[in-house]
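The file model_12.csv contains CSV, C-alpha atoms:
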chain,number,residue,atom,x,y,z
A,6,LYS,CA,46.1,-22.4,-35.5
A,7,MET,CA,46.4,-23.3,-31.8
A,8,LYS,CA,46.7,-19.6,-30.9
A,9,LEU,CA,43.6,-18.8,-32.9
A,10,VAL,CA,41.6,-21.5,-31.2
A,11,LEU,CA,42.7,-20.2,-27.7
A,12,LEU,CA,41.8,-16.7,-28.7
A,13,LEU,CA,38.3,-17.8,-29.8
A,14,LEU,CA,37.8,-19.8,-26.6
A,15,CYS,CA,38.7,-16.7,-24.6
A,16,CYS,CA,36.3,-14.6,-26.5
A,17,LEU,CA,33.5,-17.1,-26.4
A,18,PRO,CA,32.0,-16.0,-23.0
A,19,VAL,CA,31.9,-12.4,-24.2
A,20,VAL,CA,30.1,-13.4,-27.4
A,21,LEU,CA,27.6,-15.6,-25.5
A,22,CYS,CA,26.9,-13.0,-22.8
A,23,ALA,CA,25.4,-10.0,-24.5
A,24,ASP,CA,25.7,-6.7,-22.8
A,25,LEU,CA,22.8,-5.5,-20.6
A,26,GLU,CA,20.4,-3.2,-22.3
A,27,LEU,CA,20.8,0.4,-20.9
A,28,VAL,CA,17.5,2.2,-20.4
A,29,SER,CA,16.4,5.7,-19.4
A,30,ASP,CA,14.3,6.4,-16.3
A,31,ASP,CA,11.2,7.0,-18.5
A,32,ASP,CA,11.7,3.7,-20.3
A,33,LEU,CA,12.3,1.9,-16.9
A,34,VAL,CA,9.0,3.3,-15.5
A,35,ASN,CA,7.2,1.9,-18.5
A,36,LEU,CA,8.9,-1.4,-18.2
A,37,ILE,CA,8.0,-1.7,-14.6
A,38,LYS,CA,4.3,-1.1,-15.5
A,39,ASP,CA,4.2,-3.3,-18.6
A,40,GLN,CA,6.4,-6.3,-17.8
A,41,SER,CA,5.3,-9.2,-15.5
A,42,PHE,CA,8.9,-9.9,-14.5
A,43,LEU,CA,11.7,-7.4,-14.8
A,44,ILE,CA,15.2,-7.5,-13.4
A,45,THR,CA,17.0,-4.2,-13.2
A,46,LEU,CA,20.6,-3.4,-12.3
A,47,PHE,CA,21.0,0.1,-10.9
A,48,THR,CA,24.6,1.1,-11.5
A,49,ARG,CA,26.8,4.2,-12.0
A,50,LYS,CA,30.1,5.1,-13.6
A,51,ASP,CA,33.5,4.7,-11.9
A,52,CYS,CA,32.0,2.2,-9.4
A,53,GLU,CA,34.0,-1.0,-8.8
A,54,PRO,CA,31.3,-2.9,-6.9
A,55,CYS,CA,28.9,-2.0,-9.8
A,56,ALA,CA,31.2,-3.7,-12.2
A,57,THR,CA,31.0,-6.9,-10.2
A,58,TYR,CA,27.2,-6.8,-10.1
A,59,GLU,CA,27.1,-6.1,-13.8
A,60,ARG,CA,29.4,-9.1,-14.6
A,61,LEU,CA,27.2,-11.5,-12.6
A,62,THR,CA,24.0,-10.1,-14.0
A,63,THR,CA,25.3,-10.4,-17.5
A,64,ILE,CA,26.3,-14.0,-17.0
A,65,LEU,CA,22.9,-14.8,-15.5
A,66,GLN,CA,20.9,-12.8,-18.1
A,67,GLU,CA,20.1,-15.9,-20.2
A,68,ASP,CA,19.0,-17.9,-17.0
A,69,PHE,CA,16.8,-15.0,-16.0
A,70,GLN,CA,15.1,-15.0,-19.4
A,71,HIS,CA,14.6,-18.8,-19.6
A,72,SER,CA,13.7,-19.7,-16.0
A,73,LEU,CA,11.9,-16.5,-15.0
A,74,ASP,CA,10.7,-15.2,-18.3
A,75,ALA,CA,12.2,-11.9,-17.2
A,76,VAL,CA,13.4,-8.9,-19.1
A,77,VAL,CA,16.9,-7.8,-17.9
A,78,VAL,CA,18.1,-4.2,-18.2
A,79,LYS,CA,20.4,-1.8,-16.4
A,80,ALA,CA,19.9,1.9,-15.4
A,81,SER,CA,23.0,4.1,-14.9
A,82,ASN,CA,23.0,7.1,-12.6
A,83,SER,CA,19.2,6.7,-12.3
A,84,GLN,CA,17.1,9.0,-10.1
A,85,LEU,CA,14.9,6.0,-9.4
A,86,THR,CA,17.7,4.2,-7.5
A,87,ARG,CA,16.8,5.7,-4.1
A,88,LEU,CA,13.2,4.4,-4.4
A,89,TYR,CA,14.5,0.8,-4.2
A,90,SER,CA,17.9,0.9,-2.5
A,91,PRO,CA,18.8,2.9,0.7
A,92,GLY,CA,22.4,2.2,0.0
A,93,LYS,CA,22.2,3.5,-3.6
A,94,GLU,CA,24.2,1.8,-6.4
A,95,PRO,CA,24.8,-1.0,-7.1
A,96,ALA,CA,21.4,-2.5,-6.6
A,97,LEU,CA,19.8,-5.5,-8.2
A,98,VAL,CA,16.0,-5.4,-8.1
A,99,PHE,CA,13.5,-8.0,-9.2
A,100,PHE,CA,10.1,-6.5,-10.1
A,101,ARG,CA,7.2,-9.0,-9.9
A,102,HIS,CA,4.2,-7.3,-11.5
A,103,GLY,CA,5.6,-4.0,-10.3
A,104,VAL,CA,6.4,-5.2,-6.7
A,105,PRO,CA,10.2,-4.7,-6.1
A,106,LEU,CA,12.5,-7.2,-4.4
A,107,LEU,CA,16.0,-5.9,-3.5
A,108,TYR,CA,18.7,-8.6,-3.7
A,109,ASP,CA,20.7,-8.6,-0.5
A,110,GLY,CA,22.5,-11.9,-0.5
A,111,ALA,CA,25.9,-13.4,-1.5
A,112,LEU,CA,27.5,-12.2,-4.7
A,113,ASN,CA,27.5,-15.4,-6.6
A,114,GLU,CA,25.5,-16.7,-9.5
A,115,ASP,CA,23.7,-19.6,-7.7
A,116,ALA,CA,22.6,-17.5,-4.8
A,117,ILE,CA,21.1,-14.7,-7.0
A,118,LEU,CA,19.3,-17.1,-9.3
A,119,GLN,CA,17.9,-19.2,-6.4
A,120,GLN,CA,16.7,-16.1,-4.5
A,121,PHE,CA,14.8,-14.8,-7.6
A,122,GLN,CA,13.4,-18.2,-8.6
A,123,GLN,CA,12.0,-18.8,-5.1
A,124,ASN,CA,10.4,-15.4,-4.9
A,125,LYS,CA,8.4,-15.0,-8.2
A,126,ASP,CA,5.5,-14.0,-6.0
A,127,PRO,CA,5.6,-11.3,-3.3
A,128,SER,CA,6.5,-12.5,0.2
A,129,VAL,CA,4.9,-9.6,2.1
A,130,LYS,CA,1.2,-10.0,3.0
A,131,GLU,CA,-1.2,-7.0,3.1
A,132,LEU,CA,-3.3,-6.9,6.3
A,133,THR,CA,-6.4,-4.7,6.9
A,134,ASP,CA,-8.6,-4.0,10.0
A,135,GLU,CA,-10.9,-6.8,8.7
A,136,THR,CA,-8.3,-9.4,8.2
A,137,PHE,CA,-5.7,-8.6,10.8
A,138,GLU,CA,-7.0,-10.6,13.8
A,139,HIS,CA,-8.3,-13.5,11.7
A,140,LEU,CA,-4.9,-14.0,10.0
A,141,THR,CA,-2.5,-13.2,12.8
A,142,GLN,CA,-4.6,-14.4,15.8
A,143,ALA,CA,-2.4,-12.0,17.7
A,144,SER,CA,-4.5,-11.6,20.9
A,145,SER,CA,-5.0,-15.3,21.2
A,146,GLY,CA,-1.3,-16.3,21.1
A,147,ALA,CA,-0.6,-16.1,17.4
A,148,THR,CA,-1.2,-19.8,16.6
A,149,THR,CA,-0.6,-18.9,12.9
A,150,GLY,CA,3.0,-18.2,13.8
A,151,ASP,CA,5.1,-15.1,14.5
A,152,TRP,CA,4.4,-11.9,12.5
A,153,PHE,CA,6.7,-9.0,11.6
A,154,ILE,CA,4.6,-6.0,10.5
A,155,MET,CA,5.4,-2.7,8.9
A,156,PHE,CA,2.9,0.1,9.3
A,157,TYR,CA,3.0,2.5,6.4
A,158,ALA,CA,1.1,5.4,4.8
A,159,PRO,CA,0.7,6.1,1.0
A,160,GLU,CA,2.0,9.6,1.4
A,161,CYS,CA,5.1,8.5,3.4
A,162,VAL,CA,8.2,8.8,1.1
A,163,ASP,CA,10.4,6.8,3.5
A,164,CYS,CA,7.8,4.0,3.4
A,165,GLN,CA,7.9,3.9,-0.4
A,166,ARG,CA,11.7,3.6,-0.3
A,167,LEU,CA,11.4,0.6,2.0
A,168,ASN,CA,9.1,-1.5,-0.2
A,169,ALA,CA,11.9,-3.3,-2.0
A,170,VAL,CA,13.8,-3.7,1.3
A,171,TRP,CA,10.7,-5.1,3.1
A,172,GLU,CA,10.1,-7.6,0.3
A,173,ALA,CA,13.8,-8.7,0.8
A,174,VAL,CA,13.1,-9.1,4.5
A,175,GLY,CA,10.0,-11.2,3.7
A,176,ALA,CA,12.0,-13.4,1.3
A,177,ASN,CA,14.7,-14.0,3.9
A,178,LEU,CA,12.3,-14.9,6.7
A,179,LYS,CA,9.4,-16.5,4.9
A,180,THR,CA,10.3,-20.1,6.0
A,181,ARG,CA,10.4,-19.0,9.6
A,182,LEU,CA,7.7,-16.4,10.1
A,183,ASN,CA,5.1,-14.1,8.4
A,184,VAL,CA,6.1,-10.7,7.1
A,185,ALA,CA,3.3,-8.2,6.4
A,186,ARG,CA,2.3,-4.6,6.2
A,187,VAL,CA,-0.6,-2.5,7.3
A,188,ASN,CA,-1.8,0.8,5.7
A,189,LYS,CA,-2.1,3.1,8.8
A,190,GLY,CA,-3.9,5.8,6.9
A,191,THR,CA,-6.9,3.9,5.5
A,192,LEU,CA,-7.8,0.2,5.7
A,193,GLY,CA,-5.6,-0.3,8.8
A,194,SER,CA,-6.3,2.8,10.8
A,195,SER,CA,-8.1,0.9,13.6
A,196,THR,CA,-5.2,-1.6,13.9
A,197,ALA,CA,-2.7,1.3,14.0
A,198,ARG,CA,-4.6,2.9,16.9
A,199,ARG,CA,-4.8,-0.5,18.6
A,200,PHE,CA,-1.0,-0.8,18.7
A,201,ASN,CA,-0.6,3.0,19.4
A,202,VAL,CA,1.2,3.5,16.1
A,203,LYS,CA,1.8,7.3,15.7
A,204,LEU,CA,4.3,7.6,12.9
A,205,THR,CA,5.3,5.7,9.7
A,206,PRO,CA,7.2,3.7,9.0
A,207,GLU,CA,6.9,1.7,12.2
A,208,PHE,CA,7.6,-1.9,12.8
A,209,ILE,CA,6.3,-4.4,15.4
A,210,PHE,CA,7.1,-8.1,15.9
A,211,ILE,CA,4.3,-10.3,17.3
A,212,ARG,CA,5.1,-13.5,19.1
A,213,GLN,CA,3.0,-15.6,21.5
A,214,GLY,CA,0.7,-12.9,22.7
A,215,LYS,CA,3.4,-10.2,23.0
A,216,TYR,CA,4.7,-7.6,20.6
A,217,TYR,CA,8.0,-5.8,20.4
A,218,LYS,CA,8.7,-2.5,18.8
A,219,TYR,CA,11.6,-2.1,16.4
A,220,GLU,CA,13.2,1.1,17.6
A,221,ILE,CA,16.6,0.8,15.9
A,222,LYS,CA,17.4,3.6,13.5
A,223,LYS,CA,18.6,1.2,10.8
A,224,PHE,CA,16.4,0.1,7.9
A,225,ASP,CA,18.6,-2.3,6.0
A,226,VAL,CA,17.6,-5.9,5.3
A,227,LYS,CA,20.1,-7.4,7.7
A,228,SER,CA,19.1,-5.3,10.7
A,229,LEU,CA,15.4,-5.8,10.2
A,230,ALA,CA,15.7,-9.6,9.6
A,231,THR,CA,18.0,-10.0,12.6
A,232,PHE,CA,15.6,-8.2,14.9
A,233,ALA,CA,12.9,-10.7,14.1
A,234,SER,CA,15.3,-13.6,14.6
A,235,GLU,CA,17.2,-12.5,17.7
A,236,TRP,CA,17.3,-8.8,18.7
A,237,TYR,CA,13.6,-8.7,19.7
A,238,LYS,CA,14.6,-10.6,22.9
A,239,LYS,CA,16.4,-7.5,24.1
A,240,ALA,CA,13.4,-5.2,23.4
A,241,THR,CA,10.6,-4.5,25.9
A,242,PRO,CA,7.6,-6.9,25.5
A,243,HIS,CA,4.1,-5.5,25.4
A,244,SER,CA,0.9,-7.5,25.8
A,245,VAL,CA,-1.1,-7.5,22.5
A,246,PRO,CA,-4.2,-5.4,23.0
A,247,VAL,CA,-7.6,-6.9,22.3
A,248,PRO,CA,-9.3,-5.9,19.0
A,249,GLN,CA,-11.2,-2.6,19.3
A,250,THR,CA,-15.0,-2.6,19.2
A,251,PRO,CA,-17.0,-0.2,16.9
A,252,PHE,CA,-17.7,1.9,19.9
A,253,ASP,CA,-13.9,2.1,20.7
A,254,ASN,CA,-13.3,3.2,17.1
A,255,LEU,CA,-16.0,5.9,17.4
A,256,VAL,CA,-14.5,7.2,20.6
A,257,ASP,CA,-11.0,7.2,19.2
A,258,LEU,CA,-12.2,9.0,16.1
A,259,GLY,CA,-13.9,11.7,18.2
A,260,VAL,CA,-10.8,12.2,20.3
A,261,LYS,CA,-8.7,12.4,17.1
A,262,ILE,CA,-11.1,15.1,15.6
A,263,VAL,CA,-11.0,17.1,18.8
A,264,GLN,CA,-7.2,16.9,18.9
A,265,GLU,CA,-7.0,18.1,15.3
A,266,ILE,CA,-9.4,21.0,16.0
A,267,ILE,CA,-7.2,22.1,18.9
A,268,LYS,CA,-4.1,21.6,16.9
A,269,TYR,CA,-5.2,23.8,14.0
A,270,THR,CA,-6.9,26.4,16.3
A,271,THR,CA,-3.6,26.8,18.2
A,272,LYS,CA,-1.7,27.1,15.0
A,273,ALA,CA,-4.1,29.7,13.6
A,274,ILE,CA,-3.9,31.7,16.8
A,275,ASN,CA,-0.1,31.7,16.7
A,276,ASP,CA,0.1,32.5,13.0
A,277,TYR,CA,-2.8,34.8,12.5
A,278,PRO,CA,-3.8,36.3,15.9
A,279,TYR,CA,-5.6,39.4,14.6
A,280,VAL,CA,-7.6,37.4,12.0
A,281,VAL,CA,-8.7,34.9,14.7
A,282,LEU,CA,-9.6,37.8,17.0
A,283,PHE,CA,-11.7,39.4,14.3
A,284,ILE,CA,-13.5,36.1,13.5
A,285,THR,CA,-14.1,35.5,17.2
A,286,LEU,CA,-15.5,39.0,17.7
A,287,GLY,CA,-17.6,38.6,14.7
A,288,PHE,CA,-19.1,35.3,15.9
A,289,GLY,CA,-19.5,36.8,19.4
A,290,LEU,CA,-21.4,39.9,18.1
A,291,THR,CA,-23.6,37.7,15.8
A,292,PHE,CA,-24.5,35.5,18.8
A,293,LEU,CA,-25.1,38.5,21.0
A,294,THR,CA,-27.3,40.1,18.4
A,295,ALA,CA,-29.3,36.9,18.0
A,296,LEU,CA,-29.8,36.7,21.8
A,297,LEU,CA,-30.9,40.4,22.0
A,298,SER,CA,-33.3,39.9,19.1
A,299,LEU,CA,-34.8,36.9,20.7
A,300,TYR,CA,-35.1,38.7,24.0
A,301,PHE,CA,-36.9,41.8,22.6
A,302,ARG,CA,-39.2,39.6,20.5
A,303,ASN,CA,-40.3,37.6,23.5
A,304,LYS,CA,-40.7,40.9,25.5
A,305,LYS,CA,-42.9,42.3,22.8
A,306,SER,CA,-44.9,39.1,22.5
A,307,LYS,CA,-45.6,39.2,26.3
A,308,GLY,CA,-46.6,42.9,26.1
A,309,GLN,CA,-49.1,42.1,23.4
A,310,GLN,CA,-50.5,39.2,25.5
A,311,LYS,CA,-51.0,41.5,28.5
A,312,LYS,CA,-52.9,44.1,26.4
A,313,LYS,CA,-55.2,41.4,25.1
A,314,LYS,CA,-56.0,40.2,28.6
A,315,ALA,CA,-56.6,43.8,29.8
A,316,LYS,CA,-59.2,44.2,27.0

Could you write out this structure as structure tokens?
Amino acid sequence: KMKLVLLLLCCLPVVLCADLELVSDDDLVNLIKDQSFLITLFTRKDCEPCATYERLTTILQEDFQHSLDAVVVKASNSQLTRLYSPGKEPALVFFRHGVPLLYDGALNEDAILQQFQQNKDPSVKELTDETFEHLTQASSGATTGDWFIMFYAPECVDCQRLNAVWEAVGANLKTRLNVARVNKGTLGSSTARRFNVKLTPEFIFIRQGKYYKYEIKKFDVKSLATFASEWYKKATPHSVPVPQTPFDNLVDLGVKIVQEIIKYTTKAINDYPYVVLFITLGFGLTFLTALLSLYFRNKKSKGQQKKKKAK
């Protein structure tokens, strides 16, 4: 009887902790869209660290469901992993109304649960040309605190892959500074020009009227968070430029259009020289014909006027 009791006690945790539900990529996409809170373990076969993550996630599954009202699943060898984790599997991601947060802390139950409980809402703020200066007060000395900002573009694949990482940076730093992002291509284009942002993703750290560019070729949570905490001191400080006026924006837009015209014209000349030559000659001949027509028309008109006067 004693052996039977011991055997039941040993099996009890296994009984209480149900296995994680395995979902396909298609099912996962639907869950991300439909569920308010979703916790997903990205795993793969023959992966020892993955087993550790799965054991912890399985133990926490009931806590996730009760305290976060979250659905908990796992995806094995998923093609979606690279969208949320630069380091691939294993990766534990908390989706809040579709916004992903990559867990990057200590591998223990309390740390994981605490991180997710404290970040049910996204940590990263979205800034636009209209709200940037008001919220950051960057040019006046940033009295709203320090700001760590990522410039992104919707068509930038690398930017999409950094969404979960950037949310993790925001979660780690939110008690010390503000973490935000700006859409360089649309609602933040003027701000991007103001800080001379050319490519995406690009990161700047604003502190006390100065900004520092993140030029390290590492995009993991630890490197990004450490830059805003310490490494920025080793970077070159730049004075925060004043906000652009509507006239400045108009001039910049004109310059950009001219640059694009020159760029595409040069490319066309290099790729299709004979076509460009034919088009140029065509426009030239058309213009010359119009000038000659105008000249002879004026000459004829003057001749008629002279005849009238002679009569």

(request) Using CA of Leu167 in chain A and CA of Gln119 in chain A as the two end points, give the distance in Å to one decimal. (result) 22.5 Å

(request) Can you pull out every residue within 10 Å of range 210-215 of chain A, counting all atoms listed in the file, but drop anything in the same chain fewer than 6 positions away, and send it as a PyMOL selection string? (result) chain A and resi 141-155+182-184+232-234+237+241-246

(request) Tell me which of A:Lys268, A:Lys222, A:Lys93, A:Lys38 sits closest to Pro54 in chain A, counting all atoms listed in the file. (result)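 Comparing A:Lys268, A:Lys222, A:Lys93, A:Lys38 against Pro54 in chain A, the winner is A:Lys93.
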
(request) Rounded to one decimal place, report the CA of Asp126 in chain A-CA of Thr180 in chain A distance in Å. (result)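 These atoms are spaced 14.3 Å apart.
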
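Taking CA of Asn82 in chain A as the reference point, CA of Ala176 in chain A is found at 27.1 Å.
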
(message) If we count only C-alpha atoms and set the cut-off at 12 Å, which residues sit around Asp225 in chain A, ignoring sequence neighbours fewer than 5 positions away in its own chain? Please answer as a list in words.
(response)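 In the requested format, the answer is Tyr89, Ser90, Pro91, Gly92, Lys93, Leu107, Tyr108, Asp109, Arg166, Leu167, Asn168, Ala169, Val170, Trp171, Glu172, Ala173, Val174, Ala230, Thr231 and Phe232 of chain A.
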
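If only C-alpha atoms are the atoms counted, then among A:Ser128, A:Ser41, A:Gln66, A:Thr271 the closest residue to Leu178 in chain A is A:Ser128.
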
(request) Find the spatial neighbours of range 67-79 of chain A, counting all atoms listed in the file, within a cut-off of 7 Å - ignore same-chain residues fewer than 4 positions away - and output them as a PyMOL selection string. (result) chain A and resi 25-28+42-47+122
